[in-house]
$ cat structure_35.pdb   # PDB, C-alpha atoms and all ligand atoms
ATOM      1  CA  MET A 100     133.741  29.805 124.260  1.00  0.00           C
ATOM      2  CA  THR A 101     135.625  29.747 120.938  1.00  0.00           C
ATOM      3  CA  GLU A 102     139.087  31.331 120.573  1.00  0.00           C
ATOM      4  CA  GLY A 103     137.608  34.123 118.423  1.00  0.00           C
ATOM      5  CA  GLU A 104     134.966  34.884 121.055  1.00  0.00           C
ATOM      6  CA  GLN A 105     137.669  34.961 123.739  1.00  0.00           C
ATOM      7  CA  VAL A 106     139.747  37.405 121.684  1.00  0.00           C
ATOM      8  CA  ARG A 107     136.728  39.655 121.168  1.00  0.00           C
ATOM      9  CA  GLN A 108     135.777  39.549 124.831  1.00  0.00           C
ATOM     10  CA  VAL A 109     139.304  40.338 126.045  1.00  0.00           C
ATOM     11  CA  ALA A 110     139.590  43.160 123.541  1.00  0.00           C
ATOM     12  CA  GLY A 111     136.138  44.489 124.475  1.00  0.00           C
ATOM     13  CA  LEU A 112     135.026  44.180 120.861  1.00  0.00           C
ATOM     14  CA  GLN A 113     131.988  41.871 121.215  1.00  0.00           C
ATOM     15  CA  ARG A 114     129.775  44.092 119.047  1.00  0.00           C
ATOM     16  CA  ILE A 115     132.098  44.040 116.034  1.00  0.00           C
ATOM     17  CA  PRO A 116     131.605  41.131 113.567  1.00  0.00           C
ATOM     18  CA  SER A 117     134.282  38.469 113.832  1.00  0.00           C
ATOM     19  CA  ILE A 118     135.542  39.221 110.305  1.00  0.00           C
ATOM     20  CA  CYS A 119     136.848  42.571 111.646  1.00  0.00           C
ATOM     21  CA  GLN A 120     138.860  41.028 114.459  1.00  0.00           C
ATOM     22  CA  VAL A 121     142.615  40.941 114.329  1.00  0.00           C
ATOM     23  CA  PRO A 122     144.290  38.768 116.970  1.00  0.00           C
ATOM     24  CA  PRO A 123     146.526  40.815 119.279  1.00  0.00           C
ATOM     25  CA  GLU A 124     149.602  38.764 118.308  1.00  0.00           C
ATOM     26  CA  VAL A 125     151.273  40.145 115.162  1.00  0.00           C
ATOM     27  CA  PRO A 126     151.856  37.267 112.692  1.00  0.00           C
ATOM     28  CA  PRO A 127     155.073  37.106 110.647  1.00  0.00           C
ATOM     29  CA  THR A 128     154.900  39.910 108.056  1.00  0.00           C
ATOM     30  CA  VAL A 129     156.620  40.665 104.750  1.00  0.00           C
ATOM     31  CA  GLY A 130     159.861  42.622 105.148  1.00  0.00           C
ATOM     32  CA  ALA A 131     159.961  46.424 105.347  1.00  0.00           C
ATOM     33  CA  ALA A 132     161.595  46.865 101.924  1.00  0.00           C
ATOM     34  CA  GLU A 133     159.074  44.601 100.184  1.00  0.00           C
ATOM     35  CA  PHE A 134     156.202  46.400 101.920  1.00  0.00           C
ATOM     36  CA  ARG A 135     157.530  49.848 100.950  1.00  0.00           C
ATOM     37  CA  GLU A 136     157.958  48.750  97.304  1.00  0.00           C
ATOM     38  CA  ALA A 137     154.355  47.555  97.232  1.00  0.00           C
ATOM     39  CA  MET A 138     152.899  50.562  99.063  1.00  0.00           C
ATOM     40  CA  CYS A 139     154.649  53.072  96.811  1.00  0.00           C
ATOM     41  CA  LEU A 140     152.413  51.908  93.946  1.00  0.00           C
ATOM     42  CA  MET A 141     149.279  52.821  95.894  1.00  0.00           C
ATOM     43  CA  GLY A 142     148.696  56.411  94.865  1.00  0.00           C
ATOM     44  CA  ALA A 143     147.406  58.777  97.522  1.00  0.00           C
ATOM     45  CA  ALA A 144     146.396  62.415  97.889  1.00  0.00           C
ATOM     46  CA  VAL A 145     149.110  64.705  99.228  1.00  0.00           C
ATOM     47  CA  ASN A 146     148.136  66.709 102.315  1.00  0.00           C
ATOM     48  CA  VAL A 147     149.814  69.078 104.743  1.00  0.00           C
ATOM     49  CA  VAL A 148     148.821  68.447 108.367  1.00  0.00           C
ATOM     50  CA  THR A 149     149.210  71.612 110.436  1.00  0.00           C
ATOM     51  CA  THR A 150     148.883  72.348 114.135  1.00  0.00           C
ATOM     52  CA  SER A 151     149.138  75.460 116.259  1.00  0.00           C
ATOM     53  CA  GLY A 152     148.754  76.225 119.937  1.00  0.00           C
ATOM     54  CA  ASP A 153     150.700  76.663 123.179  1.00  0.00           C
ATOM     55  CA  ALA A 154     153.195  73.971 122.088  1.00  0.00           C
ATOM     56  CA  GLY A 155     154.009  75.790 118.863  1.00  0.00           C
ATOM     57  CA  ARG A 156     153.122  75.902 115.198  1.00  0.00           C
ATOM     58  CA  THR A 157     154.248  73.363 112.639  1.00  0.00           C
ATOM     59  CA  GLY A 158     153.153  71.127 109.792  1.00  0.00           C
ATOM     60  CA  PHE A 159     154.247  68.112 107.810  1.00  0.00           C
ATOM     61  CA  THR A 160     153.376  66.500 104.477  1.00  0.00           C
ATOM     62  CA  ALA A 161     151.284  63.342 104.748  1.00  0.00           C
ATOM     63  CA  THR A 162     149.711  60.834 102.387  1.00  0.00           C
ATOM     64  CA  ALA A 163     148.638  58.514 105.206  1.00  0.00           C
ATOM     65  CA  VAL A 164     145.264  60.222 105.668  1.00  0.00           C
ATOM     66  CA  CYS A 165     141.936  58.426 105.652  1.00  0.00           C
ATOM     67  CA  SER A 166     138.260  58.993 106.328  1.00  0.00           C
ATOM     68  CA  VAL A 167     137.031  57.044 109.381  1.00  0.00           C
ATOM     69  CA  SER A 168     133.319  57.807 109.755  1.00  0.00           C
ATOM     70  CA  ASP A 169     130.819  60.427 108.589  1.00  0.00           C
ATOM     71  CA  ASP A 170     128.535  60.619 111.638  1.00  0.00           C
ATOM     72  CA  PRO A 171     130.199  61.843 113.707  1.00  0.00           C
ATOM     73  CA  ALA A 172     132.694  63.026 111.104  1.00  0.00           C
ATOM     74  CA  ALA A 173     136.087  61.512 111.879  1.00  0.00           C
ATOM     75  CA  ILE A 174     139.386  61.309 110.045  1.00  0.00           C
ATOM     76  CA  LEU A 175     142.785  59.767 110.749  1.00  0.00           C
ATOM     77  CA  PHE A 176     146.373  60.405 109.801  1.00  0.00           C
ATOM     78  CA  CYS A 177     149.586  58.570 110.596  1.00  0.00           C
ATOM     79  CA  VAL A 178     152.684  60.351 111.815  1.00  0.00           C
ATOM     80  CA  ASN A 179     156.168  58.940 112.268  1.00  0.00           C
ATOM     81  CA  GLY A 180     157.011  58.557 115.960  1.00  0.00           C
ATOM     82  CA  ARG A 181     160.270  60.429 115.306  1.00  0.00           C
ATOM     83  CA  SER A 182     158.618  63.407 113.631  1.00  0.00           C
ATOM     84  CA  SER A 183     159.303  66.707 115.356  1.00  0.00           C
ATOM     85  CA  SER A 184     155.618  67.483 114.742  1.00  0.00           C
ATOM     86  CA  LEU A 185     154.348  64.670 116.963  1.00  0.00           C
ATOM     87  CA  PRO A 186     154.935  66.183 120.450  1.00  0.00           C
ATOM     88  CA  ILE A 187     153.510  69.492 119.198  1.00  0.00           C
ATOM     89  CA  LEU A 188     150.376  67.755 117.906  1.00  0.00           C
ATOM     90  CA  VAL A 189     149.993  65.876 121.194  1.00  0.00           C
ATOM     91  CA  ASP A 190     150.191  69.051 123.280  1.00  0.00           C
ATOM     92  CA  ASN A 191     148.080  71.254 121.011  1.00  0.00           C
ATOM     93  CA  GLY A 192     145.331  68.628 120.575  1.00  0.00           C
ATOM     94  CA  VAL A 193     144.191  70.205 117.301  1.00  0.00           C
ATOM     95  CA  ALA A 194     145.091  69.857 113.619  1.00  0.00           C
ATOM     96  CA  CYS A 195     144.126  70.915 110.124  1.00  0.00           C
ATOM     97  CA  ILE A 196     144.479  68.568 107.153  1.00  0.00           C
ATOM     98  CA  ASN A 197     145.044  70.547 103.941  1.00  0.00           C
ATOM     99  CA  THR A 198     144.661  68.625 100.670  1.00  0.00           C
ATOM    100  CA  LEU A 199     146.999  70.063  98.042  1.00  0.00           C
ATOM    101  CA  ARG A 200     146.254  71.126  94.480  1.00  0.00           C
ATOM    102  CA  ALA A 201     148.037  69.695  91.445  1.00  0.00           C
ATOM    103  CA  HIS A 202     150.581  72.536  91.213  1.00  0.00           C
ATOM    104  CA  GLN A 203     151.504  72.715  94.932  1.00  0.00           C
ATOM    105  CA  THR A 204     154.570  70.452  94.795  1.00  0.00           C
ATOM    106  CA  ASP A 205     156.743  73.190  96.302  1.00  0.00           C
ATOM    107  CA  ILE A 206     154.532  73.272  99.411  1.00  0.00           C
ATOM    108  CA  ALA A 207     154.573  69.454  99.599  1.00  0.00           C
ATOM    109  CA  ASP A 208     158.387  69.488  99.453  1.00  0.00           C
ATOM    110  CA  MET A 209     158.667  72.290 102.001  1.00  0.00           C
ATOM    111  CA  PHE A 210     156.501  70.470 104.564  1.00  0.00           C
ATOM    112  CA  ALA A 211     158.274  67.180 103.863  1.00  0.00           C
ATOM    113  CA  GLY A 212     161.474  68.816 105.118  1.00  0.00           C
ATOM    114  CA  ARG A 213     163.109  68.632 101.678  1.00  0.00           C
ATOM    115  CA  SER A 214     164.060  72.316 101.837  1.00  0.00           C
ATOM    116  CA  LYS A 215     165.706  71.805 105.248  1.00  0.00           C
ATOM    117  CA  VAL A 216     163.262  74.321 106.754  1.00  0.00           C
ATOM    118  CA  SER A 217     161.603  73.250 109.996  1.00  0.00           C
ATOM    119  CA  GLY A 218     158.670  74.153 112.231  1.00  0.00           C
ATOM    120  CA  SER A 219     156.827  77.437 111.838  1.00  0.00           C
ATOM    121  CA  GLU A 220     159.283  78.700 109.186  1.00  0.00           C
ATOM    122  CA  ARG A 221     157.664  76.340 106.670  1.00  0.00           C
ATOM    123  CA  PHE A 222     154.618  78.650 106.542  1.00  0.00           C
ATOM    124  CA  ALA A 223     156.717  81.294 104.759  1.00  0.00           C
ATOM    125  CA  LEU A 224     155.723  79.451 101.584  1.00  0.00           C
ATOM    126  CA  GLY A 225     152.053  79.875 100.580  1.00  0.00           C
ATOM    127  CA  SER A 226     149.305  81.998 102.081  1.00  0.00           C
ATOM    128  CA  TRP A 227     147.792  80.675 105.334  1.00  0.00           C
ATOM    129  CA  THR A 228     144.832  81.718 107.483  1.00  0.00           C
ATOM    130  CA  ASP A 229     144.139  80.442 110.992  1.00  0.00           C
ATOM    131  CA  LEU A 230     140.908  78.477 111.433  1.00  0.00           C
ATOM    132  CA  ALA A 231     138.679  78.675 114.546  1.00  0.00           C
ATOM    133  CA  ASN A 232     140.844  76.020 116.255  1.00  0.00           C
ATOM    134  CA  GLY A 233     143.974  78.107 115.600  1.00  0.00           C
ATOM    135  CA  CYS A 234     145.488  75.795 112.974  1.00  0.00           C
ATOM    136  CA  PRO A 235     146.744  77.225 109.672  1.00  0.00           C
ATOM    137  CA  ALA A 236     144.674  76.453 106.573  1.00  0.00           C
ATOM    138  CA  LEU A 237     146.172  76.914 103.112  1.00  0.00           C
ATOM    139  CA  ASP A 238     144.226  79.718 101.400  1.00  0.00           C
ATOM    140  CA  ASP A 239     144.318  78.161  97.928  1.00  0.00           C
ATOM    141  CA  GLY A 240     144.237  74.511  99.002  1.00  0.00           C
ATOM    142  CA  LEU A 241     141.667  72.088  97.598  1.00  0.00           C
ATOM    143  CA  ILE A 242     140.000  71.362 100.929  1.00  0.00           C
ATOM    144  CA  ALA A 243     140.841  71.831 104.622  1.00  0.00           C
ATOM    145  CA  PHE A 244     139.584  69.663 107.498  1.00  0.00           C
ATOM    146  CA  GLU A 245     139.638  71.363 110.898  1.00  0.00           C
ATOM    147  CA  CYS A 246     140.079  68.694 113.595  1.00  0.00           C
ATOM    148  CA  ARG A 247     140.132  68.191 117.321  1.00  0.00           C
ATOM    149  CA  ILE A 248     142.350  65.230 118.166  1.00  0.00           C
ATOM    150  CA  THR A 249     140.333  62.578 119.995  1.00  0.00           C
ATOM    151  CA  GLU A 250     142.646  59.588 120.165  1.00  0.00           C
ATOM    152  CA  MET A 251     146.151  58.422 119.342  1.00  0.00           C
ATOM    153  CA  LYS A 252     147.407  54.877 118.961  1.00  0.00           C
ATOM    154  CA  ALA A 253     151.063  53.935 118.613  1.00  0.00           C
ATOM    155  CA  VAL A 254     151.599  51.181 116.017  1.00  0.00           C
ATOM    156  CA  SER A 255     155.245  50.190 115.623  1.00  0.00           C
ATOM    157  CA  THR A 256     157.109  53.132 114.032  1.00  0.00           C
ATOM    158  CA  HIS A 257     154.057  55.371 113.633  1.00  0.00           C
ATOM    159  CA  VAL A 258     151.257  56.935 115.643  1.00  0.00           C
ATOM    160  CA  VAL A 259     147.715  56.829 114.253  1.00  0.00           C
ATOM    161  CA  VAL A 260     145.980  60.095 115.120  1.00  0.00           C
ATOM    162  CA  PHE A 261     142.174  60.231 115.103  1.00  0.00           C
ATOM    163  CA  GLY A 262     140.436  63.571 114.750  1.00  0.00           C
ATOM    164  CA  ALA A 263     136.840  64.750 115.096  1.00  0.00           C
ATOM    165  CA  VAL A 264     136.184  67.017 112.099  1.00  0.00           C
ATOM    166  CA  THR A 265     134.925  70.307 113.546  1.00  0.00           C
ATOM    167  CA  GLY A 266     134.901  72.246 110.276  1.00  0.00           C
ATOM    168  CA  VAL A 267     135.497  71.973 106.534  1.00  0.00           C
ATOM    169  CA  ARG A 268     136.810  74.794 104.380  1.00  0.00           C
ATOM    170  CA  HIS A 269     136.261  74.386 100.639  1.00  0.00           C
ATOM    171  CA  GLY A 270     138.474  75.840  97.962  1.00  0.00           C
ATOM    172  CA  SER A 271     137.383  76.005  94.335  1.00  0.00           C
ATOM    173  CA  LEU A 272     137.161  72.699  92.454  1.00  0.00           C
ATOM    174  CA  GLY A 273     140.322  71.622  90.653  1.00  0.00           C
ATOM    175  CA  ALA A 274     142.905  68.909  90.129  1.00  0.00           C
ATOM    176  CA  ALA A 275     144.526  67.267  93.163  1.00  0.00           C
ATOM    177  CA  LEU A 276     148.166  66.401  93.833  1.00  0.00           C
ATOM    178  CA  VAL A 277     148.837  62.699  94.367  1.00  0.00           C
ATOM    179  CA  TYR A 278     152.012  60.752  95.113  1.00  0.00           C
ATOM    180  CA  GLN A 279     152.507  57.447  93.318  1.00  0.00           C
ATOM    181  CA  ASN A 280     155.616  55.420  92.501  1.00  0.00           C
ATOM    182  CA  ARG A 281     157.699  58.061  94.365  1.00  0.00           C
ATOM    183  CA  THR A 282     156.571  60.815  91.984  1.00  0.00           C
ATOM    184  CA  TYR A 283     154.057  63.636  92.156  1.00  0.00           C
ATOM    185  CA  LYS A 284     151.140  63.171  89.749  1.00  0.00           C
ATOM    186  CA  THR A 285     147.770  64.852  89.342  1.00  0.00           C
ATOM    187  CA  VAL A 286     144.183  63.656  89.204  1.00  0.00           C
TER     188      VAL A 286
HETATM  189  C1  LIG B   1     154.623  62.593  99.516  1.00  0.00           C
HETATM  190  C2  LIG B   1     155.028  62.453 100.959  1.00  0.00           C
HETATM  191  C3  LIG B   1     154.151  61.844 101.846  1.00  0.00           C
HETATM  192  C4  LIG B   1     154.480  61.702 103.200  1.00  0.00           C
HETATM  193  N1  LIG B   1     153.577  61.118 104.047  1.00  0.00           N
HETATM  194  C5  LIG B   1     153.876  61.026 105.366  1.00  0.00           C
HETATM  195  C6  LIG B   1     152.918  60.515 106.276  1.00  0.00           C
HETATM  196  O1  LIG B   1     151.797  60.134 105.913  1.00  0.00           O
HETATM  197  N2  LIG B   1     153.268  60.456 107.595  1.00  0.00           N
HETATM  198  C7  LIG B   1     154.504  60.891 108.041  1.00  0.00           C
HETATM  199  O2  LIG B   1     154.765  60.811 109.247  1.00  0.00           O
HETATM  200  N3  LIG B   1     155.421  61.389 107.200  1.00  0.00           N
HETATM  201  C8  LIG B   1     155.131  61.487 105.886  1.00  0.00           C
HETATM  202  N4  LIG B   1     156.048  62.027 105.021  1.00  0.00           N
HETATM  203  C9  LIG B   1     157.334  62.508 105.556  1.00  0.00           C
HETATM  204  C10 LIG B   1     157.156  63.810 106.321  1.00  0.00           C
HETATM  205  O3  LIG B   1     156.537  64.821 105.551  1.00  0.00           O
HETATM  206  C11 LIG B   1     158.517  64.355 106.831  1.00  0.00           C
HETATM  207  O4  LIG B   1     159.201  63.327 107.462  1.00  0.00           O
HETATM  208  C12 LIG B   1     158.308  65.463 107.788  1.00  0.00           C
HETATM  209  O5  LIG B   1     157.942  66.629 107.151  1.00  0.00           O
HETATM  210  C13 LIG B   1     159.565  65.702 108.573  1.00  0.00           C
HETATM  211  O6  LIG B   1     159.402  66.887 109.313  1.00  0.00           O
HETATM  212  P1  LIG B   1     158.995  66.921 110.882  1.00  0.00           P
HETATM  213  O7  LIG B   1     159.947  66.055 111.623  1.00  0.00           O
HETATM  214  O8  LIG B   1     159.115  68.357 111.241  1.00  0.00           O
HETATM  215  O9  LIG B   1     157.569  66.445 110.987  1.00  0.00           O
HETATM  216  C14 LIG B   1     155.744  62.183 103.671  1.00  0.00           C
HETATM  217  C15 LIG B   1     156.620  62.799 102.765  1.00  0.00           C
HETATM  218  C16 LIG B   1     156.271  62.939 101.428  1.00  0.00           C
HETATM  219  C17 LIG B   1     157.215  63.618 100.463  1.00  0.00           C
END

$ encode --input "structure_35.pdb" --output "structure tokens"
Amino acid sequence: MTEGEQVRQVAGLQRIPSICQVPPEVPPTVGAAEFREAMCLMGAAVNVVTTSGDAGRTGFTATAVCSVSDDPAAILFCVNGRSSSLPILVDNGVACINTLRAHQTDIADMFAGRSKVSGSERFALGSWTDLANGCPALDDGLIAFECRITEMKAVSTHVVVFGAVTGVRHGSLGAALVYQNRTYKTV
């Protein structure tokens, strides 16, 4: 058996082509500062991830959001392991990913903690309506993905959260807010 086959067998990934395999050992990487400088040039949509349930109601701004699959519909977002939102997300098991419009920089800043407002008090800004899963959706957002959290994987400083998309709420078409080179821009 080749080394690659062994890795796939141990990891239980025999059905995935070898090109997708990443050995479990992390190779030497570029430094954190160099990585951050490079990543900041990769523009990304600005979203507010919300959650609500027995553990409480909160939300945070996130650009680390990505489509995973369309059938079944699945999405992922990454949350800092030190975020006060993480334990609330874990306990509630549900989330809503709200993609912001071009002009909603004040909401992005609020949910990024830049106004020093935390937890449920952040929802004082904007108009929010609870979805079927209880999570707040921004009434005039671009799009909202209602999710049930299916899996979480800790990777170094962050936790990758996978969600099954149980509903989509469309706003009217319009320009989106993106974050690139540490500045808000629009597309
Ligand atoms: C444009 C932008 C994008 C961000 N993207 C993320 C992200 O993808 N994941 C994350 O954990 N934090 C991200 N942050 C930082 C969080 O929004 C911030 O740390 C969080 O709101 C802190 O509050 P909390 O501890 O209550 O979650 C981002 C901040 C900004 C301004």

$ closest_residue --input "structure_35.pdb" --among "A:Val260, A:Val125, A:Ala223, A:Val167" --to "ligand LIG 1 (chain B)" --atoms "all atoms listed in the file"
A:Val260

$ closest_residue --input "structure_35.pdb" --among "A:His257, A:Val147, A:Lys284, A:Gly180" --to "A:Ala207" --atoms "only C-alpha atoms"
A:Val147

$ resolve_selection --input "structure_35.pdb" --expression "the PyMOL selection byres (((chain A and resi 196) around 8) and not hetatm)" --output "ChimeraX atom specification"
/A:146-149,194-195,197-198,236,243-246

$ residues_around --input "structure_35.pdb" --residues "A:His269" --least-positions-apart "6" --cutoff "10 Å" --atoms "only C-alpha atoms" --output "list in words"
Asp238, Asp239, Gly240, Leu241, Ile242, Ala243 and Phe244 of chain A

$ resolve_selection --input "structure_35.pdb" --expression "the PyMOL selection byres (((chain A and resi 191) around 8) and not hetatm)" --output "ChimeraX atom specification"
/A:150-155,187-190,192-193

$ residues_around --input "structure_35.pdb" --residues "A:Phe210" --least-positions-apart "2" --cutoff "8 Å" --atoms "all atoms listed in the file" --output "PDB file with C-alpha atoms, in the coordinates of the input"
ATOM      1  CA  VAL A 147     149.814  69.078 104.743  1.00  0.00           C
ATOM      2  CA  GLY A 158     153.153  71.127 109.792  1.00  0.00           C
ATOM      3  CA  PHE A 159     154.247  68.112 107.810  1.00  0.00           C
ATOM      4  CA  THR A 160     153.376  66.500 104.477  1.00  0.00           C
ATOM      5  CA  ILE A 206     154.532  73.272  99.411  1.00  0.00           C
ATOM      6  CA  ALA A 207     154.573  69.454  99.599  1.00  0.00           C
ATOM      7  CA  ASP A 208     158.387  69.488  99.453  1.00  0.00           C
ATOM      8  CA  GLY A 212     161.474  68.816 105.118  1.00  0.00           C
ATOM      9  CA  ARG A 213     163.109  68.632 101.678  1.00  0.00           C
ATOM     10  CA  SER A 217     161.603  73.250 109.996  1.00  0.00           C
ATOM     11  CA  ARG A 221     157.664  76.340 106.670  1.00  0.00           C
TER      12      ARG A 221
END

$ residues_near_ligand --input "structure_35.pdb" --ligand "ligand LIG 1 (chain B)" --cutoff "6 Å" --atoms "only C-alpha atoms and all ligand atoms" --output "VMD selection string"
chain A and resid 145 159 to 163 177 to 179 182 to 184 210 to 212 217 to 218 278

$ build_atoms --input "structure_35.pdb" --residues "stretch 235-260 of chain A" --atoms "N, CA and C atoms" --output "PDB file, in the coordinates of the input"
ATOM      1  N   PRO A 235     146.659  76.581 110.982  1.00  0.00           N
ATOM      2  CA  PRO A 235     146.744  77.225 109.672  1.00  0.00           C
ATOM      3  C   PRO A 235     146.091  76.394 108.567  1.00  0.00           C
ATOM      4  N   ALA A 236     145.261  77.080 107.762  1.00  0.00           N
ATOM      5  CA  ALA A 236     144.674  76.453 106.573  1.00  0.00           C
ATOM      6  C   ALA A 236     145.252  77.162 105.352  1.00  0.00           C
ATOM      7  N   LEU A 237     145.593  76.371 104.340  1.00  0.00           N
ATOM      8  CA  LEU A 237     146.172  76.914 103.112  1.00  0.00           C
ATOM      9  C   LEU A 237     145.079  77.624 102.313  1.00  0.00           C
ATOM     10  N   ASP A 238     145.289  78.929 102.037  1.00  0.00           N
ATOM     11  CA  ASP A 238     144.226  79.718 101.400  1.00  0.00           C
ATOM     12  C   ASP A 238     143.786  79.159 100.055  1.00  0.00           C
ATOM     13  N   ASP A 239     144.730  78.690  99.234  1.00  0.00           N
ATOM     14  CA  ASP A 239     144.318  78.161  97.928  1.00  0.00           C
ATOM     15  C   ASP A 239     144.472  76.636  97.853  1.00  0.00           C
ATOM     16  N   GLY A 240     144.255  75.975  99.005  1.00  0.00           N
ATOM     17  CA  GLY A 240     144.237  74.511  99.002  1.00  0.00           C
ATOM     18  C   GLY A 240     142.929  74.001  98.413  1.00  0.00           C
ATOM     19  N   LEU A 241     142.871  72.684  98.184  1.00  0.00           N
ATOM     20  CA  LEU A 241     141.667  72.088  97.598  1.00  0.00           C
ATOM     21  C   LEU A 241     140.564  71.988  98.644  1.00  0.00           C
ATOM     22  N   ILE A 242     140.966  71.541  99.838  1.00  0.00           N
ATOM     23  CA  ILE A 242     140.000  71.362 100.929  1.00  0.00           C
ATOM     24  C   ILE A 242     140.790  71.369 102.238  1.00  0.00           C
ATOM     25  N   ALA A 243     140.166  71.843 103.313  1.00  0.00           N
ATOM     26  CA  ALA A 243     140.841  71.831 104.622  1.00  0.00           C
ATOM     27  C   ALA A 243     139.883  71.262 105.659  1.00  0.00           C
ATOM     28  N   PHE A 244     140.376  70.297 106.438  1.00  0.00           N
ATOM     29  CA  PHE A 244     139.584  69.663 107.498  1.00  0.00           C
ATOM     30  C   PHE A 244     140.108  70.156 108.843  1.00  0.00           C
ATOM     31  N   GLU A 245     139.266  70.902 109.550  1.00  0.00           N
ATOM     32  CA  GLU A 245     139.638  71.363 110.898  1.00  0.00           C
ATOM     33  C   GLU A 245     139.306  70.233 111.879  1.00  0.00           C
ATOM     34  N   CYS A 246     140.267  69.856 112.719  1.00  0.00           N
ATOM     35  CA  CYS A 246     140.079  68.694 113.595  1.00  0.00           C
ATOM     36  C   CYS A 246     140.433  68.970 115.045  1.00  0.00           C
ATOM     37  N   ARG A 247     139.708  68.289 115.919  1.00  0.00           N
ATOM     38  CA  ARG A 247     140.132  68.191 117.321  1.00  0.00           C
ATOM     39  C   ARG A 247     140.588  66.754 117.521  1.00  0.00           C
ATOM     40  N   ILE A 248     141.797  66.576 118.019  1.00  0.00           N
ATOM     41  CA  ILE A 248     142.350  65.230 118.166  1.00  0.00           C
ATOM     42  C   ILE A 248     141.628  64.516 119.318  1.00  0.00           C
ATOM     43  N   THR A 249     141.120  63.309 119.004  1.00  0.00           N
ATOM     44  CA  THR A 249     140.333  62.578 119.995  1.00  0.00           C
ATOM     45  C   THR A 249     141.061  61.358 120.544  1.00  0.00           C
ATOM     46  N   GLU A 250     142.013  60.849 119.773  1.00  0.00           N
ATOM     47  CA  GLU A 250     142.646  59.588 120.165  1.00  0.00           C
ATOM     48  C   GLU A 250     143.940  59.416 119.396  1.00  0.00           C
ATOM     49  N   MET A 251     144.909  58.753 120.042  1.00  0.00           N
ATOM     50  CA  MET A 251     146.151  58.422 119.342  1.00  0.00           C
ATOM     51  C   MET A 251     146.518  56.987 119.689  1.00  0.00           C
ATOM     52  N   LYS A 252     147.000  56.256 118.687  1.00  0.00           N
ATOM     53  CA  LYS A 252     147.407  54.877 118.961  1.00  0.00           C
ATOM     54  C   LYS A 252     148.763  54.616 118.320  1.00  0.00           C
ATOM     55  N   ALA A 253     149.732  54.248 119.139  1.00  0.00           N
ATOM     56  CA  ALA A 253     151.063  53.935 118.613  1.00  0.00           C
ATOM     57  C   ALA A 253     151.025  52.556 117.975  1.00  0.00           C
ATOM     58  N   VAL A 254     151.506  52.471 116.716  1.00  0.00           N
ATOM     59  CA  VAL A 254     151.599  51.181 116.017  1.00  0.00           C
ATOM     60  C   VAL A 254     153.005  51.113 115.421  1.00  0.00           C
ATOM     61  N   SER A 255     153.849  50.340 116.056  1.00  0.00           N
ATOM     62  CA  SER A 255     155.245  50.190 115.623  1.00  0.00           C
ATOM     63  C   SER A 255     155.923  51.558 115.472  1.00  0.00           C
ATOM     64  N   THR A 256     156.334  51.901 114.237  1.00  0.00           N
ATOM     65  CA  THR A 256     157.109  53.132 114.032  1.00  0.00           C
ATOM     66  C   THR A 256     156.245  54.390 113.989  1.00  0.00           C
ATOM     67  N   HIS A 257     154.940  54.229 113.858  1.00  0.00           N
ATOM     68  CA  HIS A 257     154.057  55.371 113.633  1.00  0.00           C
ATOM     69  C   HIS A 257     152.988  55.519 114.720  1.00  0.00           C
ATOM     70  N   VAL A 258     152.384  56.682 114.740  1.00  0.00           N
ATOM     71  CA  VAL A 258     151.257  56.935 115.643  1.00  0.00           C
ATOM     72  C   VAL A 258     150.052  57.268 114.766  1.00  0.00           C
ATOM     73  N   VAL A 259     148.959  56.545 114.978  1.00  0.00           N
ATOM     74  CA  VAL A 259     147.715  56.829 114.253  1.00  0.00           C
ATOM     75  C   VAL A 259     146.948  57.872 115.073  1.00  0.00           C
ATOM     76  N   VAL A 260     146.651  58.984 114.431  1.00  0.00           N
ATOM     77  CA  VAL A 260     145.980  60.095 115.120  1.00  0.00           C
ATOM     78  C   VAL A 260     144.551  60.198 114.589  1.00  0.00           C
TER      79      VAL A 260
END
